[in-house]
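Only one structure is covered here, and it is reproduced in the block below.
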Amino acid sequence: MTLTRRDITLAGLLGPLLAQMAPAAAGAQAPAALPEPPAGAAAHDMSAMPAHWMGSEKIAFLIYPQFTALDMVGPHYMLTSLMGATTHVVAKTKAPVTSDAGLVFTPSATFEDCPADLDILCVPGGSAGTLAAMRDDDTLRFLKDRGSRAKYVTSVCTGSLLLGAAGLLEGYRATSHWATRPLLTEFGAIPTAGRVVRDRNRITGGGVTAGIDFGLALVGSLRDRTYAEGVQLLAEYAPEPPFDAGTPQRAPAEVTTLIEGMFATFLVDAAETGRIAFARAGSL
């Protein structure tokens, strides 16, 4: 078995944890302790793992100027825990890309370099940056091409607007940030409430932090529950937010009104940009 550098790093953490969990998951009694490896042996014995825990997925995350970093970083953490997977951070060029909060990312592949056939294509959202990406023919052409063949076409937050603009959500149930979800009708999609919405091979996450849930859910689908629970435990993902205002239904009315007001201009621009991009994408 050949492991990439990324595999070695994650296997070193996940391997012993998941190997100990595997017998229990299969209904057998877990050993009290793992034996010491013989001198000169590899640091971690992966032989106790079920064979399906090692995969070969090809994953691509699209990034573009002024995207929202957590939309990408949340699912990136979860999906790069898939041992055997190869992950590409893709942009129009390999020049550094600055997020909407000023974080700088270095792409590992361009549109031309990115593998033609992907297992997972993931698109993060943003605001002004997402609208600019929707106006860019090269970006729409890339999404349309790779999305037409990818095993899973996915997004987080307003990334679903970009998928829709590329013609990839027509006839599919999908979600987005709560404020922009109604705009999905511009692309022939069916706006659907939910933190993670799955319709066939389209998986869309709600606003920003939903990308963590989406990523973990997909890990469970591609491996199994025990594997996903190990990833969740490793991340200590047990959210207990200090406030209960994460949805319009739960936030105080004055807070919801405040945030809705901040979206007013964006929604008008996004609807117009979306209509134009969706019509143009058909001929790309």
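We label chains A, B, ... in the order they appear in the structure tokens, count residues from 1 in each chain, and number ligands from 1 in the order shown.
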Determine, using only C-alpha atoms, which residues of region 56-159 of chain A have any atom at most 7 Å from an atom of region 217-233 of chain A, and tabulate each with its shortest atom pair and distance in Å to one decimal place, rows ordered by chain and then rising number, as a Markdown table.
```
| residue | atom | partner | partner_atom | distance |
| --- | --- | --- | --- | --- |
| A:Leu79 | CA | A:Val219 | CA | 6.4 |
| A:Ser81 | CA | A:Val231 | CA | 7.0 |
| A:Leu82 | CA | A:Val219 | CA | 6.9 |
```
Hey, can you spit out that residue selection with all heavy atoms as a compact mmCIF listing (two decimals), in the first residue's frame?
```txt
# COMPACT_ATOMS: atom_id res chain seq x y z
N LEU A 79 -13.04 16.30 4.73
CA LEU A 79 -12.83 15.45 3.56
C LEU A 79 -11.37 15.04 3.39
O LEU A 79 -11.09 13.99 2.81
CB LEU A 79 -13.35 16.15 2.31
CG LEU A 79 -14.87 16.37 2.29
CD1 LEU A 79 -15.28 17.16 1.05
CD2 LEU A 79 -15.62 15.05 2.36
N SER A 81 -9.69 13.99 5.69
CA SER A 81 -9.51 12.85 6.59
C SER A 81 -9.81 11.53 5.90
O SER A 81 -9.65 10.46 6.49
CB SER A 81 -10.41 13.00 7.82
OG SER A 81 -11.76 12.78 7.48
N LEU A 82 -10.26 11.58 4.65
CA LEU A 82 -10.51 10.36 3.89
C LEU A 82 -9.17 9.78 3.44
O LEU A 82 -8.55 10.27 2.50
CB LEU A 82 -11.38 10.68 2.66
CG LEU A 82 -12.81 11.10 2.94
CD1 LEU A 82 -13.46 11.67 1.69
CD2 LEU A 82 -13.63 9.95 3.50
```
List every residue of region 30-268 of chain A that DSSP, applied to the backbone of this structure, assigns to strand (DSSP E), and report them as a PyMOL selection string.
chain A and resi 58-62+86-91+97-98+104-105+109-110+120-123+152-156+173-174+190-191+196-199+202-205
Each residue of region 130-207 of chain A lying at most 9 Å from region 61-68 of chain A should get a row with its shortest atom-to-atom pair and the distance in Å to one decimal, counting only C-alpha atoms; could you produce that, ordered by chain and increasing number, as a tab-separated table?
```
residue	atom	partner	partner_atom	distance
A:Thr130	CA	A:Phe67	CA	6.5
A:Ala132	CA	A:Pro65	CA	8.5
A:Ala133	CA	A:Tyr64	CA	7.0
A:Thr139	CA	A:Tyr64	CA	8.9
A:Leu143	CA	A:Leu62	CA	8.8
A:Gly159	CA	A:Phe67	CA	9.0
```
Give the helix (DSSP H, G or I) residues of region 95-239 of chain A, as DSSP finds them on the backbone, and put them as a PyMOL selection string.
chain A and resi 128-134+137-147+159-165+181-187+210-222+225-235
Residues of region 197-223 of chain A that approach region 112-126 of chain A to 12 Å or less, counting only C-alpha atoms: could you list each one with the shortest pair of atoms and its distance in Å to one decimal, rows by chain and increasing residue number, as CSV?
```
residue,atom,partner,partner_atom,distance
A:Asn201,CA,A:Ile120,CA,9.6
A:Arg202,CA,A:Leu121,CA,9.9
A:Ile203,CA,A:Cys122,CA,9.2
A:Thr204,CA,A:Cys122,CA,9.1
A:Gly205,CA,A:Pro124,CA,9.5
A:Gly206,CA,A:Gly125,CA,10.1
A:Gly207,CA,A:Gly125,CA,8.7
A:Val208,CA,A:Gly125,CA,8.0
A:Thr209,CA,A:Pro124,CA,11.2
A:Ala210,CA,A:Pro124,CA,11.1
A:Gly211,CA,A:Pro124,CA,8.7
A:Ile212,CA,A:Pro124,CA,11.9
A:Phe214,CA,A:Cys122,CA,10.6
A:Gly215,CA,A:Cys122,CA,9.9
A:Leu218,CA,A:Ile120,CA,9.8
A:Val219,CA,A:Ile120,CA,11.3
A:Leu222,CA,A:Asp119,CA,10.4
```
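Atom to atom, CA of Gly188 (chain A) and CA of Arg135 (chain A) stand 18.2 Å apart.
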12 Å contact set for Leu267 (chain A), only C-alpha atoms, chain neighbours under 6 positions out, as a list in words:
Ser127, Ala128, Leu131, Thr158, Leu161, His177, Trp178, Ala179, Thr180, Arg181, Pro182, Leu183, Leu184, Glu186, Glu260, Gly261, Thr273 and Gly274 of chain A
Name all residues at most 10 Å from Ala189 (chain A) (count only C-alpha atoms; drop same-chain ones fewer than 2 positions away) and give them as a PyMOL selection string.
chain A and resi 160-161+164+167-175+181-187+191-192
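You will find CA of Ala85 (chain A) at 12.3 Å from CA of His52 (chain A).
Between Pro248 (chain A) and the residues A:Val97, A:Ala271, A:Ala69, A:Ala193, the shortest atom-to-atom distance, using only C-alpha atoms, involves A:Ala193.
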Could you check how far CA of Ala150 (chain A) sits from CA of Leu163 (chain A), in Å to one decimal?
12.7 Å
Which of these, A:Asp71, A:Leu162, A:Val156, A:Met83, has the shortest distance to Met49 (chain A) once you count only C-alpha atoms?
A:Met83
